[in-house]
file run.csv (CSV, C-alpha atoms)
chain,number,residue,atom,x,y,z
A,9,ALA,CA,20.7,-1.6,-11.4
A,10,GLN,CA,19.3,-2.2,-8.0
A,11,LYS,CA,15.9,-1.0,-7.0
A,12,ILE,CA,13.4,-1.2,-4.1
A,13,THR,CA,9.7,-0.6,-4.6
A,14,GLN,CA,7.1,0.1,-1.9
A,15,THR,CA,3.8,0.4,-3.6
A,16,GLN,CA,1.7,1.4,-0.5
A,17,PRO,CA,2.2,5.1,0.3
A,18,GLY,CA,-0.2,4.8,3.3
A,19,MET,CA,-1.8,2.0,5.3
A,20,PHE,CA,-4.3,1.8,8.1
A,21,VAL,CA,-4.6,-1.0,10.6
A,22,GLN,CA,-6.8,-1.5,13.7
A,23,GLU,CA,-5.0,-1.9,17.0
A,24,LYS,CA,-4.1,-5.5,17.9
A,25,GLU,CA,-4.5,-6.7,14.3
A,26,ALA,CA,-1.7,-7.8,12.0
A,27,VAL,CA,-0.5,-5.8,9.0
A,28,THR,CA,1.7,-6.5,6.0
A,29,LEU,CA,3.8,-3.8,4.4
A,30,ASP,CA,4.9,-4.7,0.8
A,31,CYS,CA,8.4,-4.5,-0.6
A,32,THR,CA,9.7,-5.8,-3.9
A,33,TYR,CA,13.3,-5.5,-5.1
A,34,ASP,CA,15.3,-5.9,-8.2
A,35,THR,CA,19.0,-6.9,-8.3
A,36,SER,CA,21.4,-9.0,-10.3
A,37,ASP,CA,23.6,-9.7,-7.2
A,38,GLN,CA,23.6,-13.3,-6.0
A,39,SER,CA,24.3,-12.2,-2.4
A,40,TYR,CA,22.3,-9.4,-0.9
A,41,GLY,CA,20.6,-8.3,2.3
A,42,LEU,CA,17.2,-6.9,2.9
A,43,PHE,CA,16.4,-4.5,5.8
A,44,TRP,CA,13.4,-2.8,7.3
A,45,TYR,CA,13.6,0.5,9.2
A,46,LYS,CA,11.0,2.4,11.1
A,47,GLN,CA,10.9,6.2,11.2
A,48,PRO,CA,8.5,7.6,13.8
A,49,SER,CA,7.3,11.2,13.7
A,50,SER,CA,10.3,12.2,15.8
A,51,GLY,CA,12.4,11.5,12.7
A,52,GLU,CA,15.0,9.0,13.8
A,53,MET,CA,15.7,5.8,11.7
A,54,ILE,CA,15.3,2.6,13.7
A,55,PHE,CA,16.6,-0.7,12.4
A,56,LEU,CA,13.9,-3.4,12.7
A,57,ILE,CA,14.9,-6.6,10.9
A,58,TYR,CA,17.3,-8.2,8.5
A,59,GLN,CA,17.0,-11.0,5.9
A,60,GLY,CA,19.9,-12.4,4.0
A,61,SER,CA,19.4,-13.7,0.4
A,62,TYR,CA,20.7,-17.1,1.4
A,63,ASP,CA,18.8,-17.4,4.6
A,64,GLU,CA,16.3,-20.3,4.3
A,65,GLN,CA,14.1,-19.2,7.2
A,66,ASN,CA,12.1,-16.0,7.3
A,67,ALA,CA,13.6,-13.6,9.8
A,68,THR,CA,11.7,-12.7,13.0
A,69,GLU,CA,12.3,-10.1,15.7
A,70,GLY,CA,9.6,-10.0,18.3
A,71,ARG,CA,6.4,-8.8,16.6
A,72,TYR,CA,8.2,-8.2,13.4
A,73,SER,CA,8.6,-10.9,10.7
A,74,LEU,CA,9.9,-10.8,7.2
A,75,ASN,CA,8.0,-12.8,4.6
A,76,PHE,CA,10.8,-13.5,2.1
A,77,GLN,CA,9.9,-14.9,-1.3
A,78,LYS,CA,13.1,-15.0,-3.2
A,79,ALA,CA,11.6,-16.2,-6.6
A,80,ARG,CA,9.1,-13.3,-6.5
A,81,LYS,CA,11.8,-10.9,-5.2
A,82,SER,CA,9.6,-9.7,-2.4
A,83,ALA,CA,10.4,-9.0,1.3
A,84,ASN,CA,7.2,-8.0,3.0
A,85,LEU,CA,7.2,-6.9,6.6
A,86,VAL,CA,4.6,-8.3,8.8
A,87,ILE,CA,3.8,-6.6,12.1
A,88,SER,CA,1.6,-8.7,14.4
A,89,ALA,CA,-0.7,-7.4,17.2
A,90,SER,CA,-0.3,-3.7,16.1
A,91,GLN,CA,0.2,-1.1,18.8
A,92,LEU,CA,-0.4,2.6,18.6
A,93,GLY,CA,3.3,3.1,18.9
A,94,ASP,CA,3.7,1.3,15.6
A,95,SER,CA,2.3,4.4,13.8
A,96,ALA,CA,5.3,5.5,11.7
A,97,MET,CA,6.9,5.5,8.3
A,98,TYR,CA,8.5,2.2,7.3
A,99,PHE,CA,11.3,1.8,4.8
A,100,CYS,CA,12.5,-1.3,3.0
A,101,ALA,CA,16.1,-1.3,2.0
A,102,MET,CA,18.6,-3.5,0.2
A,103,LYS,CA,22.4,-3.9,0.3
A,104,GLY,CA,24.2,-5.7,-2.4
A,105,ASN,CA,27.8,-6.4,-3.4
A,106,THR,CA,28.7,-2.7,-3.5
A,107,GLY,CA,27.8,-2.3,0.2
A,108,LYS,CA,25.5,0.6,-0.5
A,109,LEU,CA,22.1,0.6,1.1
A,110,ILE,CA,19.3,1.7,-1.2
A,111,PHE,CA,15.9,2.6,0.1
A,112,GLY,CA,12.3,2.4,-1.1
A,113,GLN,CA,10.0,5.4,-1.0
A,114,GLY,CA,8.5,4.3,2.3
A,115,THR,CA,5.0,3.4,3.6
A,116,THR,CA,3.2,5.4,6.3
A,117,LEU,CA,1.4,3.2,8.7
A,118,GLN,CA,-1.4,4.5,11.0
A,119,VAL,CA,-2.7,2.3,13.8
A,120,LYS,CA,-6.3,3.1,14.8
A,121,PRO,CA,-7.4,2.6,18.4
B,3,GLU,CA,26.2,3.7,24.4
B,4,ALA,CA,26.8,2.9,20.7
B,5,GLN,CA,25.6,5.8,18.7
B,6,VAL,CA,25.9,8.1,15.7
B,7,THR,CA,25.8,11.7,16.7
B,8,GLN,CA,25.1,14.5,14.2
B,9,ASN,CA,24.8,18.2,14.9
B,10,PRO,CA,22.9,20.4,14.7
B,11,ARG,CA,19.4,18.9,14.8
B,12,TYR,CA,17.9,21.9,13.1
B,13,LEU,CA,19.5,24.6,10.9
B,14,ILE,CA,18.1,27.5,9.1
B,15,THR,CA,20.4,29.4,6.8
B,16,VAL,CA,20.5,31.7,3.8
B,17,THR,CA,21.5,30.9,0.3
B,18,GLY,CA,25.3,30.9,-0.2
B,19,LYS,CA,26.4,30.8,3.4
B,20,LYS,CA,28.7,27.9,3.9
B,21,LEU,CA,27.8,25.4,6.6
B,22,THR,CA,29.0,22.1,8.1
B,23,VAL,CA,27.0,19.3,9.6
B,24,THR,CA,29.1,17.2,11.9
B,25,CYS,CA,28.8,13.5,12.3
B,26,SER,CA,30.6,11.2,14.8
B,27,GLN,CA,30.3,7.5,15.6
B,28,ASN,CA,31.7,5.6,18.5
B,29,MET,CA,31.4,2.0,17.1
B,30,ASN,CA,34.7,1.9,15.2
B,31,HIS,CA,32.8,1.5,12.0
B,32,GLU,CA,34.8,1.7,8.8
B,33,TYR,CA,31.8,2.6,6.6
B,34,MET,CA,30.1,6.0,6.9
B,35,SER,CA,27.5,7.6,4.7
B,36,TRP,CA,25.3,10.7,4.2
B,37,TYR,CA,21.7,10.5,3.0
B,38,ARG,CA,19.1,13.1,2.3
B,39,GLN,CA,15.4,12.4,2.7
B,40,ASP,CA,12.8,14.1,0.7
B,41,PRO,CA,9.0,13.4,0.6
B,42,GLY,CA,8.1,10.7,-2.0
B,43,LEU,CA,11.8,10.0,-2.8
B,44,GLY,CA,12.9,8.0,0.2
B,45,LEU,CA,16.5,8.3,1.3
B,46,ARG,CA,19.1,9.0,-1.3
B,47,GLN,CA,22.9,8.7,-0.7
B,48,ILE,CA,25.0,11.8,-1.1
B,49,TYR,CA,28.5,10.6,-0.3
B,50,TYR,CA,30.0,7.6,1.5
B,51,SER,CA,33.4,6.6,2.9
B,52,MET,CA,34.8,3.0,3.1
B,53,ASN,CA,37.6,4.1,5.5
B,54,VAL,CA,39.8,7.0,6.5
B,55,GLU,CA,40.8,9.2,3.6
B,56,VAL,CA,38.5,7.2,1.2
B,57,THR,CA,35.4,8.9,0.1
B,58,ASP,CA,33.2,8.5,-3.0
B,59,LYS,CA,30.1,10.0,-4.5
B,60,GLY,CA,26.7,8.6,-4.0
B,61,ASP,CA,23.6,9.3,-6.1
B,62,VAL,CA,23.1,13.0,-5.4
B,63,PRO,CA,26.6,14.5,-4.6
B,64,GLU,CA,26.2,17.8,-6.4
B,65,GLY,CA,26.6,20.8,-4.0
B,66,TYR,CA,28.1,18.7,-1.2
B,67,LYS,CA,31.6,17.9,0.1
B,68,VAL,CA,32.8,15.5,2.7
B,69,SER,CA,36.0,14.5,4.4
B,70,ARG,CA,37.2,11.6,6.4
B,71,LYS,CA,40.4,12.5,8.2
B,72,GLU,CA,39.6,10.3,11.3
B,73,LYS,CA,37.7,7.1,11.4
B,74,ARG,CA,35.0,8.4,13.8
B,75,ASN,CA,34.1,11.7,12.0
B,76,PHE,CA,32.5,12.3,8.7
B,77,PRO,CA,31.4,16.0,8.3
B,78,LEU,CA,29.1,17.1,5.5
B,79,ILE,CA,29.9,20.5,4.0
B,80,LEU,CA,27.7,22.7,1.9
B,81,GLU,CA,30.0,25.3,0.4
B,82,SER,CA,27.2,27.5,-1.1
B,83,PRO,CA,23.8,26.2,0.0
B,84,SER,CA,20.8,26.6,-2.2
B,85,PRO,CA,17.0,26.3,-1.5
B,86,ASN,CA,16.9,22.9,-3.3
B,87,GLN,CA,19.2,21.6,-0.6
B,88,THR,CA,16.4,22.1,2.0
B,89,SER,CA,16.0,18.6,3.3
B,90,LEU,CA,16.3,16.1,6.2
B,91,TYR,CA,19.9,14.8,6.4
B,92,PHE,CA,21.1,11.6,8.0
B,93,CYS,CA,24.6,10.4,8.8
B,94,ALA,CA,25.0,6.6,9.2
B,95,SER,CA,27.7,4.1,9.8
B,96,SER,CA,28.2,0.3,9.6
B,97,LEU,CA,30.8,-2.3,9.4
B,98,ALA,CA,32.3,-2.4,5.9
B,99,GLY,CA,32.2,-5.5,3.7
B,100,GLN,CA,29.5,-7.2,5.6
B,101,ILE,CA,26.1,-7.5,3.9
B,102,ASN,CA,24.3,-8.3,7.2
B,103,SER,CA,25.6,-5.2,9.0
B,104,PRO,CA,22.8,-2.7,9.3
B,105,LEU,CA,23.3,1.0,9.0
B,106,HIS,CA,23.1,2.9,12.3
B,107,PHE,CA,21.7,6.3,11.8
B,108,GLY,CA,22.1,9.6,13.6
B,109,ASN,CA,19.0,11.5,14.7
B,110,GLY,CA,18.9,13.7,11.6
B,111,THR,CA,19.5,17.3,10.7
B,112,ARG,CA,16.6,19.3,9.3
B,113,LEU,CA,18.1,22.0,7.1
B,114,THR,CA,16.2,24.9,5.7
B,115,VAL,CA,17.9,27.2,3.1
B,116,THR,CA,16.0,30.4,2.4
call {"tool": "encode", "arguments": {"input": "run.csv", "output": "structure tokens"}}
result
Amino acid sequence: AQKITQTQPGMFVQEKEAVTLDCTYDTSDQSYGLFWYKQPSSGEMIFLIYQGSYDEQNATEGRYSLNFQKARKSANLVISASQLGDSAMYFCAMKGNTGKLIFGQGTTLQVKP
Amino acid sequence: EAQVTQNPRYLITVTGKKLTVTCSQNMNHEYMSWYRQDPGLGLRQIYYSMNVEVTDKGDVPEGYKVSRKEKRNFPLILESPSPNQTSLYFCASSLAGQINSPLHFGNGTRLTVT
């Protein structure tokens, strides 16, 4: 069975600092994809970044990067130079051979001025 | 603009009164899905559809129905809503068969059943 685990229910970070949100996964699929989504207080789900299981380089999108460690089955999201607008809930998700996207429980990030 | 549109955004109803939440996407996506989000549980899949006239149960299908008569529309039907179906609901779509295709989400429907 596939599973995503986010062990940090809540995180605080000072504005302009970097923060890492943890995500571990479990799957027996050889090919899979890992996604991060942001959910601000307004409620919408915003796609941030994708990492494929066969990608050799860590994915980056602007201030977002994904620290992918395949042997450890972890896919941590790194946000550099945090901004007040980064305050939100963040979800890690995985898609395997079935095409279904499964989600972790989410991590609430608060950026302090 | 490429988007998934779901309506209504907010809905308050009473136990047993049938309701439909509509969902439409304009990206020609084959795959569509409904999720519900509850505190501490993340998002859980209710139903999904790989293409027109093809639907299947997700992890929490009890109490819900769906249909996919057209590629762009995927309504969620609650025949007899109960208070435990109070939740935030999301419709989403993506290309089918592509692991790297992200789900695009609608803005959500916050349902309260009293």
call {"tool": "atom_distance", "arguments": {"input": "run.csv", "atom1": "CA of Gln16 (chain A)", "atom2": "CA of Arg11 (chain B)"}}
result
29.2 Å
call {"tool": "axis_aligned_box", "arguments": {"input": "run.csv", "around": "region 43-62 of chain B", "padding_each_side": "6 Å", "output": "JSON"}}
result
{"center_x": 26.3, "center_y": 8.0, "center_z": 0.2, "size_x": 41.0, "size_y": 22.0, "size_z": 24.6}
call {"tool": "interface_residues", "arguments": {"input": "run.csv", "of": "chain A", "to": "chain B", "cutoff": "9 Å", "atoms": "only C-alpha atoms", "output": "tab-separated table (two decimals) with C-alpha atoms, in the coordinates of the input"}}
result
chain	number	residue	atom	x	y	z
A	17	PRO	CA	2.20	5.10	0.30
A	39	SER	CA	24.30	-12.20	-2.40
A	40	TYR	CA	22.30	-9.40	-0.90
A	41	GLY	CA	20.60	-8.30	2.30
A	42	LEU	CA	17.20	-6.90	2.90
A	43	PHE	CA	16.40	-4.50	5.80
A	50	SER	CA	10.30	12.20	15.80
A	51	GLY	CA	12.40	11.50	12.70
A	52	GLU	CA	15.00	9.00	13.80
A	53	MET	CA	15.70	5.80	11.70
A	54	ILE	CA	15.30	2.60	13.70
A	55	PHE	CA	16.60	-0.70	12.40
A	57	ILE	CA	14.90	-6.60	10.90
A	58	TYR	CA	17.30	-8.20	8.50
A	59	GLN	CA	17.00	-11.00	5.90
A	60	GLY	CA	19.90	-12.40	4.00
A	99	PHE	CA	11.30	1.80	4.80
A	103	LYS	CA	22.40	-3.90	0.30
A	104	GLY	CA	24.20	-5.70	-2.40
A	105	ASN	CA	27.80	-6.40	-3.40
A	106	THR	CA	28.70	-2.70	-3.50
A	107	GLY	CA	27.80	-2.30	0.20
A	108	LYS	CA	25.50	0.60	-0.50
A	109	LEU	CA	22.10	0.60	1.10
A	110	ILE	CA	19.30	1.70	-1.20
A	111	PHE	CA	15.90	2.60	0.10
A	112	GLY	CA	12.30	2.40	-1.10
A	113	GLN	CA	10.00	5.40	-1.00
A	114	GLY	CA	8.50	4.30	2.30
call {"tool": "atom_distance", "arguments": {"input": "run.csv", "atom1": "CA of Leu117 (chain A)", "atom2": "CA of Thr68 (chain A)"}}
result
19.4 Å
call {"tool": "atom_distance", "arguments": {"input": "run.csv", "atom1": "CA of Gln118 (chain A)", "atom2": "CA of Lys24 (chain A)"}}
result
12.4 Å
call {"tool": "closest_residue", "arguments": {"input": "run.csv", "among": "A:Ser88, A:Thr28, A:Gln10, A:Ser82", "to": "Gly70 (chain A)", "atoms": "only C-alpha atoms"}}
result
A:Ser88
call {"tool": "closest_residue", "arguments": {"input": "run.csv", "among": "B:Tyr37, B:Lys67, B:Asn53, B:Gln5", "to": "Pro83 (chain B)", "atoms": "all atoms listed in the file"}}
result
B:Lys67
